[in-house]
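Raw structure_3.txt, compact mmCIF, C-alpha atoms:
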```txt
# COMPACT_ATOMS: atom_id res chain seq x y z
CA MET H 947 -52.60 36.90 70.59
CA SER H 948 -54.64 38.51 73.36
CA VAL H 949 -57.98 38.25 75.06
CA TYR H 950 -59.84 41.51 74.49
CA LEU H 951 -61.52 42.76 77.66
CA LEU H 952 -64.53 45.01 77.03
CA ALA H 953 -65.85 47.31 79.75
CA THR H 954 -66.98 50.86 80.43
CA LEU H 955 -63.92 52.03 82.33
CA ASP H 956 -65.72 54.92 84.03
CA THR H 957 -67.94 52.47 85.97
CA LYS H 958 -66.27 49.05 85.61
CA GLY H 959 -62.56 49.95 85.50
CA ARG H 960 -61.42 48.32 88.74
CA GLU H 961 -63.46 45.21 88.05
CA ILE H 962 -62.00 44.63 84.59
CA GLU H 963 -58.55 45.35 86.01
CA TYR H 964 -59.13 42.48 88.44
CA VAL H 965 -60.07 40.20 85.54
CA ARG H 966 -56.95 41.30 83.66
CA ASP H 967 -54.74 40.46 86.65
CA ARG H 968 -56.35 37.03 87.03
CA LEU H 969 -55.73 36.28 83.36
CA ALA H 970 -52.17 37.53 83.60
CA ALA H 971 -51.60 35.16 86.53
CA ALA H 972 -52.82 32.35 84.27
CA GLY H 973 -50.36 33.39 81.57
CA VAL H 974 -52.93 34.94 79.24
CA GLU H 975 -52.20 38.24 77.50
CA THR H 976 -54.96 40.85 77.40
CA MET H 977 -56.03 44.10 75.77
CA ILE H 978 -58.46 46.33 77.66
CA VAL H 979 -60.99 48.11 75.45
CA ASP H 980 -62.80 51.12 76.94
CA THR H 981 -66.42 51.20 75.75
CA GLY H 982 -67.47 54.00 78.08
CA CYS H 983 -68.41 57.54 77.17
CA LEU H 984 -69.61 59.97 79.81
CA GLY H 985 -67.48 59.53 82.96
CA GLU H 986 -63.73 59.58 83.37
CA PRO H 987 -61.91 56.22 82.95
CA ALA H 988 -60.77 54.71 86.26
CA ILE H 989 -57.80 52.96 84.61
CA ALA H 990 -55.84 53.26 81.38
CA ALA H 991 -57.06 51.36 78.32
CA ASP H 992 -55.09 49.62 75.60
CA VAL H 993 -57.82 50.63 73.14
CA SER H 994 -59.26 54.00 74.15
CA ARG H 995 -62.87 55.10 73.94
CA GLU H 996 -61.78 57.61 71.31
CA GLU H 997 -60.58 54.73 69.15
CA VAL H 998 -63.79 52.78 69.76
CA PHE H 999 -66.03 55.63 68.64
CA ALA H 1000 -63.76 56.37 65.68
CA ALA H 1001 -64.21 52.75 64.61
CA ALA H 1002 -67.96 53.43 64.63
CA GLY H 1003 -67.56 56.41 62.32
CA THR H 1004 -68.05 59.10 64.95
CA THR H 1005 -66.07 60.86 67.68
CA LEU H 1006 -66.11 60.94 71.46
CA ALA H 1007 -66.64 64.69 71.31
CA GLU H 1008 -69.73 64.23 69.18
CA MET H 1009 -71.13 61.66 71.61
CA LEU H 1010 -70.46 63.93 74.59
CA GLU H 1011 -72.14 66.84 72.85
CA LYS H 1012 -75.15 64.69 72.00
CA ASN H 1013 -75.39 63.53 75.63
CA ASP H 1014 -77.68 60.63 74.71
CA ARG H 1015 -76.89 57.41 76.58
CA GLY H 1016 -78.83 55.19 74.18
CA SER H 1017 -77.01 56.58 71.17
CA ALA H 1018 -73.66 56.24 72.97
CA VAL H 1019 -74.34 52.57 73.74
CA SER H 1020 -75.32 51.85 70.14
CA LYS H 1021 -72.20 53.51 68.76
CA ALA H 1022 -69.99 51.85 71.38
CA ALA H 1023 -71.42 48.47 70.34
CA GLU H 1024 -70.73 49.27 66.69
CA GLY H 1025 -67.20 50.43 67.45
CA ALA H 1026 -66.38 47.50 69.75
CA THR H 1027 -67.59 45.11 67.05
CA ALA H 1028 -65.32 46.79 64.50
CA VAL H 1029 -62.33 46.68 66.87
CA VAL H 1030 -62.87 42.99 67.67
CA THR H 1031 -63.43 41.85 64.09
CA LYS H 1032 -60.33 43.71 62.87
CA ALA H 1033 -58.20 42.21 65.64
CA LEU H 1034 -59.55 38.77 64.76
CA ALA H 1035 -58.79 39.28 61.06
CA ASP H 1036 -55.27 40.48 61.93
CA GLY H 1037 -54.60 37.38 64.03
CA LYS H 1038 -54.30 39.39 67.26
CA LEU H 1039 -57.36 38.14 69.15
CA SER H 1040 -57.78 34.85 70.99
CA GLY H 1041 -61.07 35.61 72.75
CA VAL H 1042 -63.39 38.29 74.14
CA LEU H 1043 -64.50 38.74 77.74
CA ALA H 1044 -66.88 41.53 78.71
CA ILE H 1045 -68.53 42.65 81.93
CA GLY H 1046 -71.50 44.91 82.50
CA GLY H 1047 -75.12 45.62 83.17
CA GLY H 1048 -77.64 46.36 80.45
CA ALA H 1049 -75.38 48.68 78.45
CA GLY H 1050 -72.23 46.63 78.90
CA THR H 1051 -74.06 43.44 77.97
CA SER H 1052 -75.45 45.02 74.81
CA ILE H 1053 -72.02 46.27 73.80
CA GLY H 1054 -70.06 43.14 74.69
CA THR H 1055 -72.42 40.61 73.13
CA ALA H 1056 -72.76 42.67 69.94
CA ALA H 1057 -69.04 42.19 69.42
CA MET H 1058 -69.28 38.50 70.34
CA ARG H 1059 -72.08 37.81 67.87
CA ALA H 1060 -69.78 39.06 65.09
CA MET H 1061 -67.20 36.39 65.99
CA PRO H 1062 -67.14 32.91 64.46
CA LEU H 1063 -68.13 29.69 66.16
CA GLY H 1064 -65.37 28.40 68.42
CA ALA H 1065 -63.79 31.78 69.21
CA PRO H 1066 -64.02 32.07 73.04
CA LYS H 1067 -66.74 34.48 74.21
CA VAL H 1068 -67.56 35.12 77.89
CA MET H 1069 -70.05 37.73 79.14
CA VAL H 1070 -70.40 38.46 82.86
CA SER H 1071 -73.77 40.17 83.11
CA THR H 1072 -76.38 41.31 85.58
CA LEU H 1073 -78.95 40.06 83.04
CA ALA H 1074 -77.59 36.54 82.59
CA SER H 1075 -80.28 34.76 84.62
CA GLY H 1076 -83.14 35.97 82.43
CA ASP H 1077 -84.08 35.69 78.75
CA VAL H 1078 -80.74 36.14 76.99
CA ARG H 1079 -81.76 35.23 73.43
CA ALA H 1080 -81.35 38.83 72.23
CA PHE H 1081 -77.78 38.88 73.55
CA VAL H 1082 -76.63 35.36 72.62
CA GLY H 1083 -78.38 35.11 69.26
CA ASP H 1084 -77.05 32.14 67.31
CA LYS H 1085 -73.52 32.17 68.72
CA ASP H 1086 -71.70 30.19 71.42
CA VAL H 1087 -71.62 33.00 73.99
CA VAL H 1088 -71.05 31.91 77.59
CA MET H 1089 -73.25 34.02 79.87
CA ILE H 1090 -72.23 34.17 83.55
CA ASN H 1091 -74.64 35.63 86.09
CA SER H 1092 -72.88 38.34 88.11
CA ILE H 1093 -75.12 37.59 91.16
CA VAL H 1094 -74.47 41.08 92.57
CA ASP H 1095 -74.24 44.28 90.58
CA ILE H 1096 -70.85 44.88 89.03
CA LEU H 1097 -70.01 47.81 91.27
CA GLY H 1098 -66.87 47.40 93.32
CA LEU H 1099 -64.98 44.30 94.38
CA ASN H 1100 -66.33 42.13 97.18
CA ARG H 1101 -66.28 38.47 98.07
CA ILE H 1102 -69.13 37.71 95.65
CA SER H 1103 -67.98 39.78 92.68
CA ARG H 1104 -64.38 38.59 93.06
CA THR H 1105 -65.56 34.98 93.00
CA VAL H 1106 -67.65 35.47 89.85
CA LEU H 1107 -65.02 37.53 88.01
CA ALA H 1108 -62.32 35.00 88.90
CA GLU H 1109 -64.58 32.25 87.59
CA ALA H 1110 -65.01 34.13 84.32
CA ALA H 1111 -61.26 34.68 83.99
CA ALA H 1112 -60.58 31.00 84.66
CA ALA H 1113 -63.18 29.99 82.07
CA MET H 1114 -61.61 32.24 79.46
CA ALA H 1115 -58.10 31.04 80.29
CA GLY H 1116 -59.23 27.46 79.88
CA MET H 1117 -60.89 28.17 76.55
CA VAL H 1118 -57.81 29.91 75.20
CA LYS H 1119 -55.24 27.44 76.51
CA PHE H 1120 -57.10 24.28 75.56
CA ALA H 1121 -58.53 25.40 72.23
CA ALA H 1122 -58.29 22.83 69.45
CA THR H 1123 -55.01 23.32 67.60
CA ALA H 1124 -55.42 20.87 64.76
CA LYS H 1125 -58.16 19.63 62.45
CA ASP H 1126 -59.47 16.22 63.34
CA GLU H 1127 -58.29 13.79 60.69
CA GLU H 1128 -61.71 12.14 60.83
CA ASP H 1129 -63.60 15.33 59.94
CA LYS H 1130 -66.01 14.81 57.06
CA PRO H 1131 -67.97 17.29 54.94
CA LEU H 1132 -70.70 18.87 57.05
CA VAL H 1133 -74.37 18.73 56.17
CA CYS H 1134 -77.06 20.59 58.15
CA ALA H 1135 -80.54 19.19 58.70
CA THR H 1136 -83.56 20.75 60.42
CA MET H 1137 -85.88 18.73 62.63
CA PHE H 1138 -88.92 18.94 64.88
CA GLY H 1139 -90.43 16.20 67.01
CA VAL H 1140 -93.09 15.71 64.33
CA THR H 1141 -90.45 15.24 61.58
CA THR H 1142 -87.95 13.20 63.59
CA PRO H 1143 -88.39 9.87 61.74
CA CYS H 1144 -87.69 11.59 58.42
CA VAL H 1145 -84.52 13.30 59.59
CA GLU H 1146 -83.23 10.24 61.42
CA ARG H 1147 -83.51 8.10 58.27
CA ALA H 1148 -82.07 10.82 56.03
CA ARG H 1149 -79.15 11.21 58.44
CA GLU H 1150 -78.38 7.50 58.19
CA VAL H 1151 -78.27 7.72 54.39
CA LEU H 1152 -76.02 10.79 54.43
CA GLU H 1153 -73.65 9.32 57.00
CA ALA H 1154 -73.36 6.13 54.98
CA ALA H 1155 -72.35 8.32 52.03
CA GLY H 1156 -69.50 9.91 54.00
CA TYR H 1157 -71.07 13.09 55.41
CA GLU H 1158 -71.24 14.36 58.98
CA VAL H 1159 -74.74 15.60 59.80
CA LEU H 1160 -75.52 18.47 62.16
CA VAL H 1161 -79.18 18.41 63.20
CA PHE H 1162 -80.81 21.67 64.29
CA HIS H 1163 -84.08 21.77 66.21
CA ALA H 1164 -86.30 24.26 64.36
CA THR H 1165 -87.10 26.36 67.42
CA GLY H 1166 -86.05 29.78 66.15
CA THR H 1167 -82.56 29.81 67.58
CA GLY H 1168 -81.91 26.47 65.84
CA GLY H 1169 -82.75 27.87 62.43
CA GLN H 1170 -80.74 31.00 63.11
CA ALA H 1171 -77.71 28.97 64.18
CA MET H 1172 -77.86 26.88 61.03
CA GLU H 1173 -78.12 29.94 58.80
CA SER H 1174 -75.12 31.48 60.58
CA LEU H 1175 -72.93 28.41 60.04
CA VAL H 1176 -73.89 28.32 56.36
CA ARG H 1177 -72.91 31.98 55.97
CA GLU H 1178 -69.58 31.27 57.64
CA GLY H 1179 -68.78 28.76 54.91
CA LEU H 1180 -68.58 25.75 57.23
CA ILE H 1181 -71.38 23.76 55.60
CA ALA H 1182 -71.19 21.63 52.44
CA GLY H 1183 -74.93 21.12 52.03
CA VAL H 1184 -78.30 21.77 53.66
CA LEU H 1185 -81.17 19.32 54.13
CA ASP H 1186 -83.85 21.80 55.22
CA ILE H 1187 -86.60 19.31 55.93
CA THR H 1188 -88.33 21.35 58.65
CA THR H 1189 -89.16 24.92 57.63
CA THR H 1190 -91.79 25.44 60.33
CA GLU H 1191 -90.09 28.64 61.52
CA LEU H 1192 -91.48 30.36 58.40
CA ALA H 1193 -95.00 29.76 59.77
CA ASP H 1194 -94.16 31.25 63.16
CA GLU H 1195 -92.60 34.30 61.51
CA LEU H 1196 -95.66 34.83 59.31
CA VAL H 1197 -98.41 34.24 61.87
CA GLY H 1198 -96.72 35.40 65.08
CA GLY H 1199 -95.72 32.20 66.86
CA VAL H 1200 -93.05 31.96 69.54
CA LEU H 1201 -90.46 30.02 67.48
CA SER H 1202 -89.70 32.38 64.63
CA ALA H 1203 -86.14 32.47 63.26
CA GLY H 1204 -86.71 35.90 61.73
CA PRO H 1205 -87.26 37.08 58.16
CA LYS H 1206 -83.85 35.87 56.93
CA ARG H 1207 -84.65 32.21 57.56
CA LEU H 1208 -84.10 30.13 54.40
CA THR H 1209 -81.78 32.67 52.77
CA ALA H 1210 -78.20 31.68 53.67
CA ALA H 1211 -77.83 28.65 51.39
CA ALA H 1212 -79.45 30.50 48.51
CA GLU H 1213 -77.16 33.50 48.87
CA THR H 1214 -73.94 31.52 49.39
CA GLY H 1215 -74.59 28.96 46.68
CA THR H 1216 -74.59 26.09 49.16
CA PRO H 1217 -76.40 23.02 47.76
CA GLN H 1218 -79.76 22.61 49.44
CA VAL H 1219 -82.80 20.37 49.45
CA VAL H 1220 -85.81 22.07 51.03
CA SER H 1221 -89.12 20.63 52.22
CA ALA H 1222 -92.18 21.93 54.04
CA GLY H 1223 -91.83 20.04 57.31
CA ALA H 1224 -94.18 21.19 60.10
CA THR H 1225 -95.48 24.20 58.17
CA ASP H 1226 -98.90 22.92 59.21
CA MET H 1227 -98.35 24.44 62.65
CA VAL H 1228 -97.62 27.63 64.56
CA ASN H 1229 -96.14 27.28 68.03
CA PHE H 1230 -97.23 28.85 71.30
CA TRP H 1231 -96.39 28.03 74.89
CA ALA H 1232 -99.00 26.57 77.29
CA MET H 1233 -102.65 26.69 76.19
CA GLU H 1234 -103.44 29.70 78.38
CA THR H 1235 -100.74 31.77 76.62
CA VAL H 1236 -102.33 31.49 73.16
CA PRO H 1237 -103.27 35.06 72.08
CA PRO H 1238 -107.01 35.81 72.26
CA GLN H 1239 -107.36 36.26 68.50
CA PHE H 1240 -106.35 32.62 68.00
CA ARG H 1241 -108.48 30.98 70.71
CA ASP H 1242 -111.14 29.82 68.22
CA ARG H 1243 -108.58 28.24 65.87
CA LYS H 1244 -107.75 24.53 65.65
CA LEU H 1245 -105.40 24.03 68.61
CA HIS H 1246 -103.52 20.91 69.67
CA LYS H 1247 -101.93 20.40 73.08
CA HIS H 1248 -98.50 19.00 72.26
CA ASN H 1249 -97.66 18.88 75.98
CA ASP H 1250 -98.25 21.00 79.09
CA ASN H 1251 -95.86 23.67 77.84
CA ILE H 1252 -96.41 23.75 74.07
CA THR H 1253 -99.58 24.38 72.07
CA LEU H 1254 -99.76 23.94 68.30
CA MET H 1255 -102.14 25.85 66.02
CA ARG H 1256 -103.09 24.55 62.56
CA THR H 1257 -102.22 26.92 59.72
CA THR H 1258 -105.11 27.89 57.45
CA VAL H 1259 -105.41 27.68 53.67
CA GLU H 1260 -104.69 31.39 53.38
CA GLU H 1261 -101.64 31.16 55.65
CA ASN H 1262 -100.36 28.19 53.68
CA GLU H 1263 -100.58 30.22 50.49
CA GLN H 1264 -98.38 32.87 52.08
CA ILE H 1265 -95.94 30.33 53.57
CA GLY H 1266 -95.64 28.61 50.21
CA ALA H 1267 -94.96 31.89 48.41
CA ASP H 1268 -92.31 32.79 50.98
CA LEU H 1269 -90.61 29.40 50.80
CA GLY H 1270 -90.71 29.22 47.02
CA SER H 1271 -89.47 32.75 46.40
CA LYS H 1272 -86.55 32.31 48.79
CA VAL H 1273 -85.48 29.04 47.18
CA ALA H 1274 -85.87 30.63 43.74
CA ARG H 1275 -83.01 32.99 44.61
CA SER H 1276 -80.56 30.09 44.97
CA THR H 1277 -77.18 30.74 43.39
CA GLY H 1278 -76.19 27.09 43.77
CA PRO H 1279 -77.82 23.68 43.24
CA ALA H 1280 -81.25 23.41 44.88
CA ALA H 1281 -84.42 21.35 44.89
CA VAL H 1282 -87.72 21.31 46.76
CA MET H 1283 -89.17 17.96 47.88
CA LEU H 1284 -92.87 17.82 48.80
CA PRO H 1285 -94.48 14.95 50.75
CA LEU H 1286 -97.98 14.83 49.25
CA LYS H 1287 -99.54 12.89 52.15
CA GLY H 1288 -98.61 15.29 54.95
CA VAL H 1289 -95.89 17.51 56.35
CA SER H 1290 -95.81 16.42 60.00
CA GLY H 1291 -96.61 13.60 62.36
CA ILE H 1292 -100.05 15.08 63.01
CA ASP H 1293 -100.74 16.08 59.40
CA ARG H 1294 -101.86 12.84 57.85
CA GLU H 1295 -105.11 10.93 57.44
CA GLY H 1296 -106.74 10.37 60.81
CA GLN H 1297 -104.53 12.90 62.63
CA PRO H 1298 -105.73 16.24 64.10
CA PHE H 1299 -104.00 18.53 61.59
CA ASP H 1300 -104.91 16.58 58.43
CA ASP H 1301 -106.04 19.25 55.93
CA PRO H 1302 -105.72 18.37 52.22
CA ALA H 1303 -106.93 21.83 51.16
CA ALA H 1304 -104.21 23.56 53.20
CA ARG H 1305 -101.54 21.25 51.79
CA ALA H 1306 -102.78 21.85 48.25
CA ALA H 1307 -102.59 25.63 48.78
CA LEU H 1308 -99.08 25.32 50.20
CA TYR H 1309 -97.80 23.20 47.34
CA ARG H 1310 -99.53 25.25 44.65
CA THR H 1311 -97.85 28.48 45.77
CA ILE H 1312 -94.47 26.80 46.24
CA ARG H 1313 -94.58 25.56 42.66
CA ALA H 1314 -95.73 28.96 41.39
CA SER H 1315 -92.94 30.89 43.12
CA ALA H 1316 -89.93 28.53 42.99
CA GLY H 1317 -88.73 29.78 39.61
CA ASP H 1318 -86.29 27.42 37.90
CA VAL H 1319 -85.69 25.32 41.03
CA PRO H 1320 -87.11 21.78 40.58
CA VAL H 1321 -90.11 21.03 42.79
CA ILE H 1322 -90.56 17.28 43.20
CA GLY H 1323 -93.72 15.84 44.69
CA LYS H 1324 -93.55 12.38 46.29
CA ASP H 1325 -96.60 10.26 47.04
CA ASN H 1326 -95.45 9.79 50.63
CA HIS H 1327 -95.92 11.18 54.10
CA ILE H 1328 -92.94 13.21 55.32
CA ASN H 1329 -92.02 10.53 57.87
CA ASP H 1330 -92.12 7.64 55.38
CA PRO H 1331 -88.63 6.14 54.96
CA GLU H 1332 -89.00 6.40 51.17
CA PHE H 1333 -89.42 10.18 51.37
CA ALA H 1334 -86.46 10.60 53.74
CA GLU H 1335 -84.24 8.50 51.50
CA ALA H 1336 -85.31 10.42 48.39
CA CYS H 1337 -84.44 13.74 50.07
CA ALA H 1338 -81.03 12.49 51.21
CA ARG H 1339 -80.19 11.02 47.81
CA LYS H 1340 -81.21 14.25 46.10
CA LEU H 1341 -78.87 16.26 48.31
CA ILE H 1342 -76.03 13.82 47.67
CA GLN H 1343 -76.65 14.26 43.95
CA LEU H 1344 -76.53 18.05 44.26
CA LEU H 1345 -73.34 17.84 46.32
CA THR H 1346 -71.59 15.84 43.62
CA VAL H 1347 -72.67 17.89 40.61
```
As structure tokens, the full file:
Amino acid sequence: MSVYLLATLDTKGREIEYVRDRLAAAGVETMIVDTGCLGEPAIAADVSREEVFAAAGTTLAEMLEKNDRGSAVSKAAEGATAVVTKALADGKLSGVLAIGGGAGTSIGTAAMRAMPLGAPKVMVSTLASGDVRAFVGDKDVVMINSIVDILGLNRISRTVLAEAAAAMAGMVKFAATAKDEEDKPLVCATMFGVTTPCVERAREVLEAAGYEVLVFHATGTGGQAMESLVREGLIAGVLDITTTELADELVGGVLSAGPKRLTAAAETGTPQVVSAGATDMVNFWAMETVPPQFRDRKLHKHNDNITLMRTTVEENEQIGADLGSKVARSTGPAAVMLPLKGVSGIDREGQPFDDPAARAALYRTIRASAGDVPVIGKDNHINDPEFAEACARKLIQLLTV
């Protein structure tokens, strides 16, 4: 098995050659993949650019004739992803290391995001010190800041590239080789600060029943990561208590998990229990960052960095329809559990987001759109122990059907 090294060899050839030599010195085999297009390669590749573009359903000649850098980068990303996933399926790949600027980072991380959790992924990038969510997505990609531009070898670039090679060598050499005998069936749960008591109690019930619980913070990337693991077939069941990311996606908050949130379990047939945790709120950063069109809405300062906005009756109707229709598509056991006295720590009598009309609209549209999936209302607040226990017991029941 080899570490696949991704780089545009017309501009990053000598640099990736240095990485290859460092890995070879550590006893790690490599395959260099040329993801370049326009210039001449500085070194020979093990997987040529012709092969990369062929894997993307096009040709190098076509890309050269088109002479469009953006198109070339997109096709190189598609081809590199195809090369990496085939090598992984064939048992030839032990990890991926890529280097580059904007184009190289787009290409390298596209291939990495197609790899499963635990497969070593290292990206040395000029963009690694900024917002890397678009590159990392929901995968365990290690981003290393190149400090200087990746153009030639100098005392800084050699240090960073050697660090990346050492990291990859360590990941490959010390990867887990055997399944832990103590591993238990995995259950995912989603949580926010305002639903923490519910998830903590439900986790205790599930663990006592012999399950290992992975808790995901519903901050956009958390929901995406959970959906990804479910699609990979690693998860036995889902306790989706906190579906707040649906509200951010609908209204335009900063913690959306995208339109595919709440679809993986339904499509894969994974048993799931879904609730409406924290759908009373849309998330923004500090108060001054709230968009002007929302300044006259009911806002709550969660802390200096996070501002919460109460969802309206109309928004709750849309959230409920979205939640219900997605659950209705379940191909496996599913149920919806609704806490009738409030969906978050600040949505209950006496709290700032208490709004019985909004809750009623949410629950009405969930029931109307959930199809044949049971929708069970409980005369509890979401953080009442009784509600948490009922949700956990329902999931255990679905897991043992």
Q. Which polymer residues have any atom within 9 Å of an atom of stretch 1257-1264 of chain H, counting all atoms listed in the file, with same-chain residues fewer than 4 positions away left out, as number ranges by chain?
A. H: 1193, 1196-1197, 1225-1228, 1243-1244, 1268-1269, 1299, 1301, 1303-1312
(Q) To one decimal place in Å, what is the distance between atom CA of H:Ile1252 and atom CA of H:Asn1229? (A)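 Computing the Euclidean distance for atom CA of H:Ile1252 and atom CA of H:Asn1229 yields 7.0 Å.
Comparing the minimum interatomic distances between H:Thr1216 and each of H:Gly1199, H:Gly1037, H:Gly1278, H:Gly1204, counting only C-alpha atoms, we find that H:Gly1278 sits nearest.
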Q) Which residue gives the smallest distance to H:Phe1162 among H:Thr1189, H:Ser1052, H:Ser1071, H:Thr1214, with only C-alpha atoms counted? A) H:Thr1189
Q: Name the residues, using the chain letters and numbers of the file, that sit within 8 Å of (-88.3, 19.1, 66.7) when counting all atoms listed in the file, and give them as an MDAnalysis selection string.
A: chainID H and resid 1137:1142 1163:1165
Q: Measuring atom to atom with only C-alpha atoms, identify which of H:Ala1022, H:Ala1065, H:Leu1099, H:Thr1051 is nearest to H:Gly959.
A: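 Comparing H:Ala1022, H:Ala1065, H:Leu1099, H:Thr1051 against H:Gly959, the winner is H:Leu1099.
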Q. Which is closest to H:Glu1153 among H:Glu1008, H:Val993, H:Thr957, H:Ile1342, if we use all atoms listed in the file?
A. H:Ile1342
Q: Could you check which of H:Cys1134, H:Met1255, H:Ala1056, H:Ser994 is closest to H:Met1233, using all atoms listed in the file?
A: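 Selected residue with least distance to H:Met1233: H:Met1255.
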Q) With distances taken over all atoms listed in the file, which of H:Ala971, H:Val1030, H:Leu1201, H:Ile962 is nearest to H:Val1070? A)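 Among the listed residues, the smallest separation from H:Val1070 belongs to H:Ile962.
Here atom CA of H:Arg995 and atom CA of H:Thr1027 stand 13.0 Å from one another.
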Q.
Counting all atoms listed in the file, which residues have an atom no more than 6 Å from (-62.8, 40.3, 73.8) in the file's coordinates? Please list them as a PyMOL selection string.
A. chain H and resi 949-952+1041-1043
Q) Mind pulling up the distance from atom CA of H:Ala972 to atom CA of H:Ala1033? A) 21.8 Å
